[in-house]
file protein_31.csv (CSV, C-alpha atoms)
chain,number,residue,atom,x,y,z
A,1,MET,CA,12.1,-13.5,9.2
A,2,TRP,CA,11.1,-10.7,11.5
A,3,GLU,CA,8.7,-9.1,9.0
A,4,ARG,CA,6.9,-12.5,8.7
A,5,PHE,CA,7.0,-12.7,12.5
A,6,SER,CA,5.0,-9.5,12.7
A,7,TYR,CA,2.6,-10.3,9.9
A,8,TYR,CA,1.8,-13.8,11.0
A,9,GLY,CA,1.6,-12.8,14.6
A,10,MET,CA,-1.1,-10.3,13.8
A,11,ARG,CA,-2.8,-12.7,11.3
A,12,ALA,CA,-3.0,-15.5,13.9
A,13,LEU,CA,-5.1,-13.2,16.1
A,14,LEU,CA,-7.1,-11.1,13.5
A,15,VAL,CA,-10.3,-13.2,13.0
A,16,LEU,CA,-10.4,-14.4,16.6
A,17,TYR,CA,-10.0,-10.8,17.8
A,18,MET,CA,-12.8,-9.5,15.7
A,19,VAL,CA,-15.3,-12.4,16.4
A,20,ASP,CA,-14.5,-12.7,20.1
A,21,TYR,CA,-13.8,-9.1,21.1
A,22,LEU,CA,-13.9,-6.2,18.6
A,23,LEU,CA,-17.3,-6.9,17.0
A,24,ALA,CA,-19.2,-6.7,20.3
A,25,PRO,CA,-21.6,-3.8,19.9
A,26,GLU,CA,-20.0,-1.6,22.6
A,27,ARG,CA,-16.6,-1.9,21.0
A,28,ALA,CA,-17.4,-2.0,17.3
A,29,ARG,CA,-18.8,1.6,17.6
A,30,GLU,CA,-15.3,2.8,18.7
A,31,ALA,CA,-13.5,1.6,15.6
A,32,LEU,CA,-13.4,4.5,13.0
A,33,GLY,CA,-15.1,3.5,9.8
A,34,LEU,CA,-16.0,0.0,10.8
A,35,ALA,CA,-19.8,0.6,10.7
A,36,GLU,CA,-19.5,2.2,7.3
A,37,LEU,CA,-17.5,-0.7,6.0
A,38,ARG,CA,-20.0,-3.2,7.3
A,39,ARG,CA,-22.9,-1.3,5.6
A,40,GLY,CA,-20.9,-1.3,2.3
A,41,LEU,CA,-20.3,-5.0,2.4
A,42,GLU,CA,-23.9,-5.7,3.4
A,43,LEU,CA,-25.1,-3.9,0.2
A,44,LEU,CA,-23.3,-6.6,-1.8
A,45,SER,CA,-24.0,-9.7,0.3
A,46,GLY,CA,-26.9,-8.9,2.6
A,47,PRO,CA,-26.9,-8.8,6.4
A,48,LEU,CA,-23.7,-10.1,7.9
A,49,ALA,CA,-23.4,-11.7,11.3
A,50,PRO,CA,-20.1,-11.1,13.2
A,51,GLN,CA,-18.3,-14.2,11.9
A,52,PRO,CA,-19.1,-13.7,8.2
A,53,PHE,CA,-18.3,-10.0,8.6
A,54,ALA,CA,-14.9,-10.9,10.2
A,55,SER,CA,-14.1,-13.3,7.4
A,56,GLN,CA,-14.9,-10.6,4.8
A,57,VAL,CA,-12.7,-8.1,6.6
A,58,TYR,CA,-9.9,-10.7,6.8
A,59,GLY,CA,-10.2,-11.3,3.0
A,60,LEU,CA,-10.2,-7.6,2.2
A,61,TYR,CA,-7.2,-7.0,4.3
A,62,THR,CA,-5.1,-10.0,3.2
A,63,GLY,CA,-6.2,-9.3,-0.4
A,64,LEU,CA,-5.0,-5.7,-0.1
A,65,VAL,CA,-1.7,-7.0,1.2
A,66,TYR,CA,-1.2,-8.7,-2.2
A,67,LEU,CA,-2.7,-5.9,-4.4
A,68,THR,CA,-0.5,-3.1,-3.1
A,69,PRO,CA,2.8,-4.8,-4.3
A,70,ILE,CA,1.9,-3.4,-7.8
A,71,LEU,CA,2.3,0.1,-6.4
A,72,GLY,CA,5.3,-0.9,-4.3
A,73,GLY,CA,7.0,-2.3,-7.3
A,74,LEU,CA,6.4,0.8,-9.4
A,75,ILE,CA,7.6,3.1,-6.7
A,76,ALA,CA,10.8,1.0,-6.4
A,77,ASP,CA,11.5,0.8,-10.1
A,78,ARG,CA,10.7,4.4,-10.9
A,79,LEU,CA,11.1,6.6,-7.9
A,80,LEU,CA,12.9,5.4,-4.8
A,81,GLY,CA,14.8,2.3,-5.6
A,82,ARG,CA,14.3,-1.1,-3.9
A,83,THR,CA,16.3,-0.5,-0.7
A,84,ARG,CA,14.5,2.8,0.3
A,85,THR,CA,11.1,1.4,-0.7
A,86,ILE,CA,11.7,-1.7,1.5
A,87,ALA,CA,12.7,0.5,4.5
A,88,LEU,CA,9.6,2.8,3.9
A,89,GLY,CA,7.3,-0.3,3.9
A,90,ALA,CA,8.9,-1.7,7.1
A,91,GLY,CA,8.3,1.7,8.8
A,92,MET,CA,4.7,1.7,7.8
A,93,MET,CA,4.1,-1.8,9.0
A,94,LEU,CA,5.8,-0.9,12.3
A,95,MET,CA,3.4,1.9,12.9
A,96,GLY,CA,0.4,-0.2,11.9
A,97,HIS,CA,1.2,-3.0,14.3
A,98,PHE,CA,1.4,-0.7,17.2
A,99,MET,CA,-1.8,1.1,16.2
A,100,MET,CA,-3.6,-2.3,16.3
A,101,ALA,CA,-3.4,-2.1,20.0
A,102,TYR,CA,-6.1,0.7,20.0
A,103,GLU,CA,-9.6,-0.1,18.9
A,104,PRO,CA,-10.4,3.3,17.2
A,105,PHE,CA,-7.4,2.9,14.8
A,106,PHE,CA,-8.3,-0.7,13.8
A,107,LEU,CA,-9.0,0.0,10.1
A,108,ILE,CA,-6.2,2.7,9.8
A,109,ALA,CA,-3.7,0.2,11.2
A,110,LEU,CA,-4.8,-2.5,8.7
A,111,LEU,CA,-4.3,-0.1,5.8
A,112,LEU,CA,-0.9,0.9,7.0
A,113,ILE,CA,0.2,-2.7,7.3
A,114,ALA,CA,-1.3,-3.6,3.9
A,115,PHE,CA,0.5,-0.7,2.1
A,116,GLY,CA,3.7,-1.3,4.0
A,117,CYS,CA,3.6,-5.0,2.9
A,118,GLY,CA,3.0,-3.7,-0.6
A,119,ALA,CA,6.2,-1.7,-0.5
A,120,PHE,CA,8.2,-4.4,1.2
A,121,LYS,CA,7.2,-7.7,-0.3
A,122,PRO,CA,7.9,-7.5,-4.0
A,123,ASN,CA,11.1,-5.7,-3.5
A,124,ILE,CA,12.6,-8.0,-0.9
A,125,SER,CA,11.7,-11.1,-3.1
A,126,THR,CA,13.3,-9.4,-6.1
A,127,GLN,CA,16.5,-8.7,-4.2
A,128,VAL,CA,16.9,-12.4,-3.4
A,129,GLY,CA,16.8,-13.2,-7.1
A,130,GLU,CA,19.4,-10.6,-7.9
A,131,LEU,CA,21.9,-12.3,-5.6
A,132,TYR,CA,22.4,-14.8,-8.5
A,133,ALA,CA,23.3,-14.4,-12.2
A,134,GLU,CA,20.5,-14.3,-14.7
A,135,ASN,CA,20.7,-17.9,-15.8
A,136,ASP,CA,21.8,-19.5,-12.5
A,137,LEU,CA,19.8,-22.7,-12.2
A,138,ARG,CA,20.1,-22.6,-8.4
A,139,ARG,CA,17.3,-20.0,-8.1
A,140,ASP,CA,14.4,-22.4,-7.5
A,141,ARG,CA,16.3,-24.0,-4.6
A,142,THR,CA,17.5,-20.6,-3.3
A,143,TYR,CA,13.9,-19.4,-3.1
A,144,SER,CA,13.0,-22.5,-1.2
A,145,VAL,CA,15.8,-21.7,1.3
A,146,PHE,CA,14.6,-18.1,1.4
A,147,TYR,CA,11.1,-19.5,2.1
A,148,VAL,CA,12.5,-21.5,5.1
A,149,GLY,CA,14.0,-18.3,6.5
A,150,ILE,CA,10.9,-16.2,6.4
A,151,ASN,CA,8.8,-19.1,7.8
A,152,ILE,CA,11.0,-19.4,10.9
A,153,GLY,CA,9.4,-16.0,11.8
A,154,ALA,CA,6.0,-17.3,10.8
A,155,PHE,CA,6.5,-20.3,13.1
A,156,PHE,CA,7.4,-18.4,16.2
A,157,ALA,CA,4.7,-15.7,15.6
A,158,PRO,CA,1.6,-17.7,16.6
A,159,LEU,CA,3.5,-19.2,19.6
A,160,VAL,CA,4.6,-15.8,20.9
A,161,CYS,CA,2.1,-13.2,19.6
A,162,GLY,CA,-0.7,-15.7,19.6
A,163,THR,CA,-0.2,-16.8,23.2
A,164,LEU,CA,0.1,-13.2,24.4
A,165,GLY,CA,-3.0,-12.2,22.6
A,166,GLU,CA,-5.1,-15.3,23.5
A,167,LYS,CA,-4.0,-15.7,27.1
A,168,ILE,CA,-3.1,-12.3,28.4
A,169,GLY,CA,-4.7,-9.7,26.1
A,170,TRP,CA,-5.3,-9.0,22.4
A,171,HIS,CA,-3.3,-5.8,22.5
A,172,TYR,CA,-0.2,-7.4,24.0
A,173,GLY,CA,-0.2,-9.8,21.0
A,174,PHE,CA,-0.4,-6.9,18.5
A,175,ALA,CA,2.2,-4.9,20.3
A,176,CYS,CA,4.6,-7.9,20.2
A,177,ALA,CA,4.1,-8.1,16.4
A,178,GLY,CA,5.2,-4.4,16.3
A,179,VAL,CA,8.3,-5.2,18.3
A,180,GLY,CA,9.1,-7.9,15.8
A,181,MET,CA,8.7,-5.5,12.9
A,182,GLY,CA,11.1,-3.1,14.6
A,183,VAL,CA,13.7,-5.8,15.0
A,184,GLY,CA,13.2,-6.7,11.3
A,185,LEU,CA,13.7,-3.1,10.1
A,186,ALA,CA,16.9,-2.7,12.2
A,187,THR,CA,18.3,-6.0,10.9
A,188,TYR,CA,17.7,-5.0,7.3
A,189,LEU,CA,19.4,-1.6,7.7
A,190,LEU,CA,22.4,-3.2,9.4
A,191,GLY,CA,22.7,-5.7,6.5
A,192,LEU,CA,22.6,-3.2,3.6
A,193,SER,CA,26.2,-3.8,2.7
A,194,HIS,CA,25.5,-7.4,1.8
A,195,LEU,CA,22.7,-6.6,-0.7
A,196,PRO,CA,23.0,-6.2,-4.5
A,197,PRO,CA,23.0,-2.6,-5.7
A,198,ASP,CA,19.7,-1.2,-7.0
A,199,PRO,CA,19.4,-1.0,-10.8
A,200,PRO,CA,19.5,2.6,-12.2
A,201,LEU,CA,16.1,4.2,-11.8
A,202,GLY,CA,15.9,5.1,-15.4
A,203,SER,CA,16.4,1.5,-16.6
A,204,TRP,CA,12.6,0.8,-16.8
A,205,ARG,CA,12.3,3.4,-19.7
A,206,ALA,CA,14.6,1.3,-21.9
A,207,VAL,CA,12.4,-1.7,-21.3
A,208,ALA,CA,9.2,0.3,-21.8
A,209,GLU,CA,10.4,1.8,-25.0
A,210,ASP,CA,11.5,-1.5,-26.6
A,211,ARG,CA,8.1,-2.8,-27.6
A,212,GLU,CA,9.6,-5.9,-29.1
A,213,ASN,CA,11.3,-6.8,-25.8
A,214,LEU,CA,10.8,-10.6,-25.8
A,215,ARG,CA,11.4,-11.1,-22.1
A,216,LEU,CA,8.9,-8.4,-21.1
A,217,ARG,CA,6.2,-10.0,-23.3
A,218,GLN,CA,7.0,-13.5,-22.0
A,219,ALA,CA,6.7,-12.2,-18.4
A,220,LEU,CA,3.4,-10.5,-19.0
A,221,LEU,CA,2.0,-13.6,-20.8
A,222,LEU,CA,3.2,-15.7,-17.9
A,223,VAL,CA,1.3,-13.5,-15.4
A,224,LEU,CA,-1.9,-13.7,-17.4
A,225,LEU,CA,-1.7,-17.5,-17.8
A,226,PHE,CA,-1.1,-18.2,-14.2
A,227,PHE,CA,-3.3,-15.5,-12.7
A,228,ILE,CA,-6.5,-17.6,-12.3
A,229,PRO,CA,-4.8,-20.8,-11.1
A,230,SER,CA,-2.7,-18.8,-8.6
A,231,SER,CA,-5.8,-17.0,-7.3
A,232,LEU,CA,-7.7,-20.2,-6.7
A,233,PHE,CA,-4.6,-21.7,-5.0
A,234,TRP,CA,-4.5,-18.8,-2.5
A,235,ALA,CA,-8.2,-18.8,-2.0
A,236,ALA,CA,-7.9,-22.3,-0.6
A,237,PHE,CA,-4.6,-21.8,1.2
A,238,GLU,CA,-5.5,-18.6,3.0
A,239,GLN,CA,-8.3,-20.3,4.9
A,240,GLN,CA,-5.7,-21.1,7.5
A,241,GLY,CA,-6.0,-17.8,9.2
A,242,ASN,CA,-9.8,-17.7,8.6
A,243,THR,CA,-12.1,-20.7,8.7
A,244,ILE,CA,-9.4,-23.1,9.8
A,245,ALA,CA,-8.7,-20.9,12.8
A,246,LEU,CA,-12.4,-20.8,13.7
A,247,TRP,CA,-12.6,-24.6,13.2
A,248,VAL,CA,-9.8,-25.0,15.7
A,249,GLU,CA,-11.6,-22.9,18.2
A,250,ARG,CA,-15.1,-24.3,17.9
A,251,SER,CA,-14.9,-27.8,16.4
A,252,THR,CA,-11.6,-29.3,17.4
A,253,ASP,CA,-10.9,-31.4,20.5
A,254,ARG,CA,-7.6,-29.7,21.4
A,255,HIS,CA,-6.9,-31.8,24.6
A,256,ILE,CA,-3.5,-33.6,24.7
A,257,ASP,CA,-2.1,-36.0,27.2
A,258,LEU,CA,1.7,-36.3,27.2
A,259,LEU,CA,1.7,-38.2,30.6
A,260,VAL,CA,4.0,-35.5,32.1
A,261,TRP,CA,1.6,-32.7,30.9
A,262,ARG,CA,-2.1,-32.6,30.1
A,263,GLY,CA,-4.0,-29.6,28.7
A,264,ASP,CA,-5.6,-28.0,25.7
A,265,ILE,CA,-3.4,-26.7,22.8
A,266,PRO,CA,-4.0,-23.0,22.4
A,267,VAL,CA,-6.0,-22.1,19.2
A,268,THR,CA,-3.3,-19.9,17.7
A,269,TRP,CA,-0.5,-22.6,18.1
A,270,PHE,CA,-2.0,-24.6,15.2
A,271,GLN,CA,-1.0,-21.8,12.8
A,272,ALA,CA,2.6,-22.5,13.7
A,273,LEU,CA,2.3,-26.0,12.2
A,274,ASN,CA,2.6,-24.8,8.6
A,275,PRO,CA,5.8,-22.8,9.0
A,276,LEU,CA,7.3,-25.5,11.2
A,277,MET,CA,6.7,-28.1,8.5
A,278,ILE,CA,8.0,-25.8,5.9
A,279,PHE,CA,11.5,-25.7,7.4
A,280,LEU,CA,11.3,-29.4,8.3
A,281,PHE,CA,10.2,-30.5,4.8
A,282,THR,CA,12.2,-28.0,2.6
A,283,PRO,CA,15.7,-29.4,3.1
A,284,PRO,CA,14.8,-33.0,2.1
A,285,LEU,CA,12.7,-31.7,-0.8
A,286,VAL,CA,15.4,-29.4,-2.1
A,287,ALA,CA,17.9,-32.3,-1.7
A,288,LEU,CA,15.6,-34.6,-3.6
A,289,TRP,CA,15.3,-32.0,-6.4
A,290,GLY,CA,19.1,-31.7,-6.5
A,291,ARG,CA,19.5,-35.5,-6.9
A,292,LEU,CA,16.9,-35.6,-9.6
A,293,ALA,CA,18.5,-32.7,-11.4
A,294,ARG,CA,21.9,-34.5,-11.5
A,295,ARG,CA,20.0,-37.4,-13.3
A,296,GLY,CA,18.1,-35.0,-15.6
A,297,ARG,CA,14.8,-35.9,-13.9
A,298,GLU,CA,14.0,-32.9,-11.8
A,299,PRO,CA,10.3,-31.9,-12.3
A,300,SER,CA,9.8,-28.9,-14.6
A,301,THR,CA,8.5,-25.7,-13.1
A,302,LEU,CA,5.1,-26.3,-14.6
A,303,ARG,CA,4.9,-29.8,-13.2
A,304,LYS,CA,5.9,-28.6,-9.7
A,305,LEU,CA,3.1,-25.9,-9.9
A,306,SER,CA,0.5,-28.5,-11.0
A,307,ILE,CA,1.5,-30.9,-8.2
A,308,GLY,CA,1.1,-28.1,-5.7
A,309,CYS,CA,-2.4,-27.2,-6.8
A,310,LEU,CA,-3.5,-30.9,-6.7
A,311,GLY,CA,-2.0,-31.4,-3.3
A,312,VAL,CA,-3.8,-28.4,-1.8
A,313,ALA,CA,-7.1,-29.8,-3.1
A,314,VAL,CA,-6.3,-33.1,-1.3
A,315,SER,CA,-5.6,-31.3,2.0
A,316,TYR,CA,-9.1,-29.8,2.0
A,317,GLY,CA,-10.5,-33.2,1.2
A,318,VAL,CA,-9.0,-34.3,4.5
A,319,MET,CA,-10.8,-31.4,6.3
A,320,ALA,CA,-14.1,-32.3,4.5
A,321,LEU,CA,-13.7,-35.9,5.9
A,322,ALA,CA,-13.0,-34.4,9.3
A,323,ALA,CA,-16.2,-32.4,9.2
A,324,TRP,CA,-18.3,-35.3,8.0
A,325,SER,CA,-16.8,-37.8,10.5
A,326,GLY,CA,-17.5,-35.5,13.4
A,327,GLY,CA,-21.3,-35.5,12.9
A,328,GLY,CA,-21.5,-32.1,14.7
A,329,GLU,CA,-19.2,-33.1,17.5
A,330,LYS,CA,-15.6,-31.9,18.1
A,331,THR,CA,-13.0,-33.9,16.1
A,332,SER,CA,-9.5,-34.9,17.0
A,333,TRP,CA,-6.7,-32.4,16.4
A,334,LEU,CA,-4.9,-35.1,14.5
A,335,TRP,CA,-7.1,-34.3,11.5
A,336,LEU,CA,-5.5,-30.8,11.5
A,337,LEU,CA,-2.0,-32.3,11.8
A,338,ALA,CA,-2.7,-34.3,8.6
A,339,TYR,CA,-4.2,-31.3,6.9
A,340,PHE,CA,-1.2,-29.1,7.7
A,341,ALA,CA,1.3,-31.8,6.6
A,342,ILE,CA,-0.3,-32.3,3.2
A,343,ILE,CA,-0.9,-28.6,2.5
A,344,THR,CA,2.7,-27.7,3.4
A,345,ILE,CA,4.4,-30.3,1.2
A,346,PHE,CA,2.4,-29.1,-1.8
A,347,GLU,CA,2.7,-25.4,-0.9
A,348,LEU,CA,6.5,-26.0,-1.4
A,349,HIS,CA,5.8,-27.1,-4.9
A,350,PHE,CA,3.9,-23.8,-5.7
A,351,SER,CA,4.7,-20.7,-3.7
A,352,PRO,CA,8.5,-20.4,-3.8
A,353,ILE,CA,8.5,-21.7,-7.4
A,354,THR,CA,6.2,-18.9,-8.6
A,355,LEU,CA,8.6,-16.4,-7.0
A,356,SER,CA,11.6,-17.9,-8.7
A,357,LEU,CA,9.8,-18.0,-12.0
A,358,ALA,CA,8.7,-14.4,-11.9
A,359,SER,CA,12.1,-13.2,-10.9
A,360,ARG,CA,13.8,-15.2,-13.6
A,361,LEU,CA,11.7,-14.1,-16.5
A,362,ALA,CA,11.1,-10.4,-15.7
A,363,PRO,CA,13.5,-7.8,-17.2
A,364,VAL,CA,15.7,-6.0,-14.8
A,365,GLY,CA,14.2,-2.5,-15.2
A,366,VAL,CA,10.6,-3.6,-14.4
A,367,ARG,CA,11.3,-6.6,-12.2
A,368,SER,CA,9.8,-5.3,-9.0
A,369,ALA,CA,6.7,-4.0,-10.8
A,370,LEU,CA,6.1,-7.3,-12.5
A,371,MET,CA,6.7,-9.1,-9.2
A,372,GLY,CA,4.0,-6.9,-7.7
A,373,LEU,CA,1.7,-7.8,-10.6
A,374,TRP,CA,2.4,-11.4,-10.0
A,375,LEU,CA,1.5,-11.1,-6.3
A,376,ALA,CA,-1.7,-9.4,-7.3
A,377,SER,CA,-3.1,-12.8,-8.1
A,378,MET,CA,-3.0,-13.3,-4.3
A,379,PHE,CA,-5.2,-10.3,-4.0
A,380,LEU,CA,-8.0,-12.0,-5.9
A,381,GLY,CA,-7.3,-15.2,-4.0
A,382,ASN,CA,-7.7,-13.6,-0.7
A,383,LEU,CA,-10.9,-11.8,-1.7
A,384,LEU,CA,-12.2,-15.2,-2.7
A,385,ALA,CA,-10.9,-16.6,0.7
A,386,GLY,CA,-13.0,-14.0,2.6
A,387,TRP,CA,-16.1,-14.7,0.5
A,388,LEU,CA,-15.7,-18.5,1.0
A,389,GLY,CA,-15.3,-17.9,4.7
A,390,GLY,CA,-18.7,-16.2,4.9
A,391,PHE,CA,-20.6,-19.4,4.1

call {"tool": "encode", "arguments": {"input": "protein_31.csv", "output": "structure tokens"}}
result
Amino acid sequence: MWERFSYYGMRALLVLYMVDYLLAPERAREALGLAELRRGLELLSGPLAPQPFASQVYGLYTGLVYLTPILGGLIADRLLGRTRTIALGAGMMLMGHFMMAYEPFFLIALLLIAFGCGAFKPNISTQVGELYAENDLRRDRTYSVFYVGINIGAFFAPLVCGTLGEKIGWHYGFACAGVGMGVGLATYLLGLSHLPPDPPLGSWRAVAEDRENLRLRQALLLVLLFFIPSSLFWAAFEQQGNTIALWVERSTDRHIDLLVWRGDIPVTWFQALNPLMIFLFTPPLVALWGRLARRGREPSTLRKLSIGCLGVAVSYGVMALAAWSGGGEKTSWLWLLAYFAIITIFELHFSPITLSLASRLAPVGVRSALMGLWLASMFLGNLLAGWLGGF
């Protein structure tokens, strides 16, 4: 929960911070390596105005967050074990969030957070799966509950970090994200006694040496089959912190009249809608799947994933209608409410189910590494998200 609080707190501010503050000429010069990164991106795509450049940086950063889990999984399986790798990743993220408060360290901070996530994310997801026996059918529903827990942090992050950054100062928002990560690290260390033991570090060799290991081949085939669909899913989904955030700021009528209070909804608060709806919609959805399972009618994993992809496409159809209906004028915030409701319902058919599937099929000795490879599809998805955001 607290790790997601820190990550989504910073993500809620990142594009807005770059467009509205950091990329002003007098400040952009202070950020180490930023001018060189811009020149490198412009070699590929031509001259970049501040908004397309910010979208590209966002895509690179969020993409790296989901590429580094390959390295984090390998380190856990072969060198440090899951528990120590998770603690190392949390410490790196803690440093990165506090460094975001200083413009010169902007890119260094993003790298620390990205590599910290890479050490943390695949291993914490794998540990959840190892709380249950290999063939326990409750795993899909357990990952849905796990998804609710982490999204509690994602819900409060835009409200707290976003409000501090948007209303008081960007650096206060980033520092608040760092405090959240510190609480998360302390919570994890205090709860070590409740976690499953790490598998022996040498167990990956037994899997690697058995070239006919059926489960390993099945898991690798699964990753290859779902890599492109998963990448396209995340390319669409990750617009929430990118073009959707800019749409909220520039093209949405955020005024609300509750009779007892009138005002404009802060831009970053809209990013709390997705996690809010996750923990509102997950319990009835999991209960529905449980009832269907007792009747032998629960949708298969493949059907759940297919429904999720179709639903995300529908959610962006809603946003296209909002853009066309506005005719260049600001549109009602109710369009965004509909968008977030639809995308959340169908996200729940995709994201936690992929985690459960990867955990269930991967052999114990290489489970974290294969979870990292699975998450790498999100790397390509986020790169595509940044590229799409540049239009």

call {"tool": "closest_residue", "arguments": {"input": "protein_31.csv", "among": "A:Gly9, A:Gly46, A:Gly165, A:Pro122", "to": "Thr68 in chain A", "atoms": "only C-alpha atoms"}}
result
A:Pro122

call {"tool": "atom_distance", "arguments": {"input": "protein_31.csv", "atom1": "CA of Gly290 in chain A", "atom2": "CA of Thr142 in chain A"}}
result
11.7 Å

call {"tool": "residues_around", "arguments": {"input": "protein_31.csv", "residues": "Leu112 in chain A", "least_positions_apart": "4", "cutoff": "8 Å", "atoms": "only C-alpha atoms", "output": "list in words"}}
result
Met92, Met93, Met95, Gly96, Ile108 and Gly116 of chain A

call {"tool": "residues_around", "arguments": {"input": "protein_31.csv", "residues": "Asn151 in chain A", "least_positions_apart": "5", "cutoff": "8 Å", "atoms": "all atoms listed in the file", "output": "JSON, numbers by chain"}}
result
{"A": [1, 4, 275, 276, 278, 279]}

call {"tool": "write_last_selection", "arguments": {"input": "protein_31.csv", "atoms": "C-alpha atoms", "output": "mmCIF file, keeping the file's coordinate frame"}}
result
data_model
loop_
_atom_site.group_PDB
_atom_site.id
_atom_site.type_symbol
_atom_site.label_atom_id
_atom_site.label_comp_id
_atom_site.auth_asym_id
_atom_site.auth_seq_id
_atom_site.Cartn_x
_atom_site.Cartn_y
_atom_site.Cartn_z
ATOM 1 C CA MET A 1 12.100 -13.500 9.200
ATOM 2 C CA ARG A 4 6.900 -12.500 8.700
ATOM 3 C CA PRO A 275 5.800 -22.800 9.000
ATOM 4 C CA LEU A 276 7.300 -25.500 11.200
ATOM 5 C CA ILE A 278 8.000 -25.800 5.900
ATOM 6 C CA PHE A 279 11.500 -25.700 7.400
#

call {"tool": "residues_around", "arguments": {"input": "protein_31.csv", "residues": "Leu64 in chain A", "least_positions_apart": "4", "cutoff": "10 Å", "atoms": "all atoms listed in the file", "output": "list in words"}}
result
Tyr58, Gly59, Leu60, Thr68, Pro69, Leu110, Leu111, Ile113, Ala114, Phe115, Cys117, Gly118, Ala376, Met378, Phe379, Leu380, Asn382 and Leu383 of chain A

call {"tool": "residues_around", "arguments": {"input": "protein_31.csv", "residues": "Met319 in chain A", "least_positions_apart": "5", "cutoff": "8 Å", "atoms": "all atoms listed in the file", "output": "compact mmCIF listing (two decimals) with C-alpha atoms, in the coordinates of the input"}}
result
# COMPACT_ATOMS: atom_id res chain seq x y z
CA TRP A 335 -7.10 -34.30 11.50
CA LEU A 336 -5.50 -30.80 11.50
CA TYR A 339 -4.20 -31.30 6.90

call {"tool": "closest_residue", "arguments": {"input": "protein_31.csv", "among": "A:Thr301, A:Thr331, A:Ser231, A:Gln127", "to": "Gly81 in chain A", "atoms": "all atoms listed in the file"}}
result
A:Gln127

call {"tool": "closest_residue", "arguments": {"input": "protein_31.csv", "among": "A:Thr83, A:Ser300, A:Val57, A:Glu103", "to": "Tyr21 in chain A", "atoms": "all atoms listed in the file"}}
result
A:Glu103

call {"tool": "closest_residue", "arguments": {"input": "protein_31.csv", "among": "A:Thr268, A:Thr243, A:Thr62, A:Gln51", "to": "Phe155 in chain A", "atoms": "all atoms listed in the file"}}
result
A:Thr268

call {"tool": "residues_around", "arguments": {"input": "protein_31.csv", "residues": "Phe98 in chain A", "least_positions_apart": "5", "cutoff": "7 Å", "atoms": "only C-alpha atoms", "output": "PyMOL selection string"}}
result
chain A and resi 174-175+178

call {"tool": "atom_distance", "arguments": {"input": "protein_31.csv", "atom1": "CA of Gly182 in chain A", "atom2": "CA of Leu16 in chain A"}}
result
24.4 Å

call {"tool": "closest_residue", "arguments": {"input": "protein_31.csv", "among": "A:Ala119, A:Ala87, A:Ala219, A:Ile343", "to": "Leu189 in chain A", "atoms": "only C-alpha atoms"}}
result
A:Ala87

call {"tool": "residues_near_point", "arguments": {"input": "protein_31.csv", "point": "(-0.1, -26.5, -2.7)", "cutoff": "10 Å", "atoms": "all atoms listed in the file", "output": "ChimeraX atom specification"}}
result
/A:233-234,236-237,304-315,342-351

call {"tool": "atom_distance", "arguments": {"input": "protein_31.csv", "atom1": "CA of Leu384 in chain A", "atom2": "CA of Leu32 in chain A"}}
result
25.2 Å

call {"tool": "closest_residue", "arguments": {"input": "protein_31.csv", "among": "A:Leu355, A:Ala287, A:Ala245, A:Leu74", "to": "Val15 in chain A", "atoms": "all atoms listed in the file"}}
result
A:Ala245
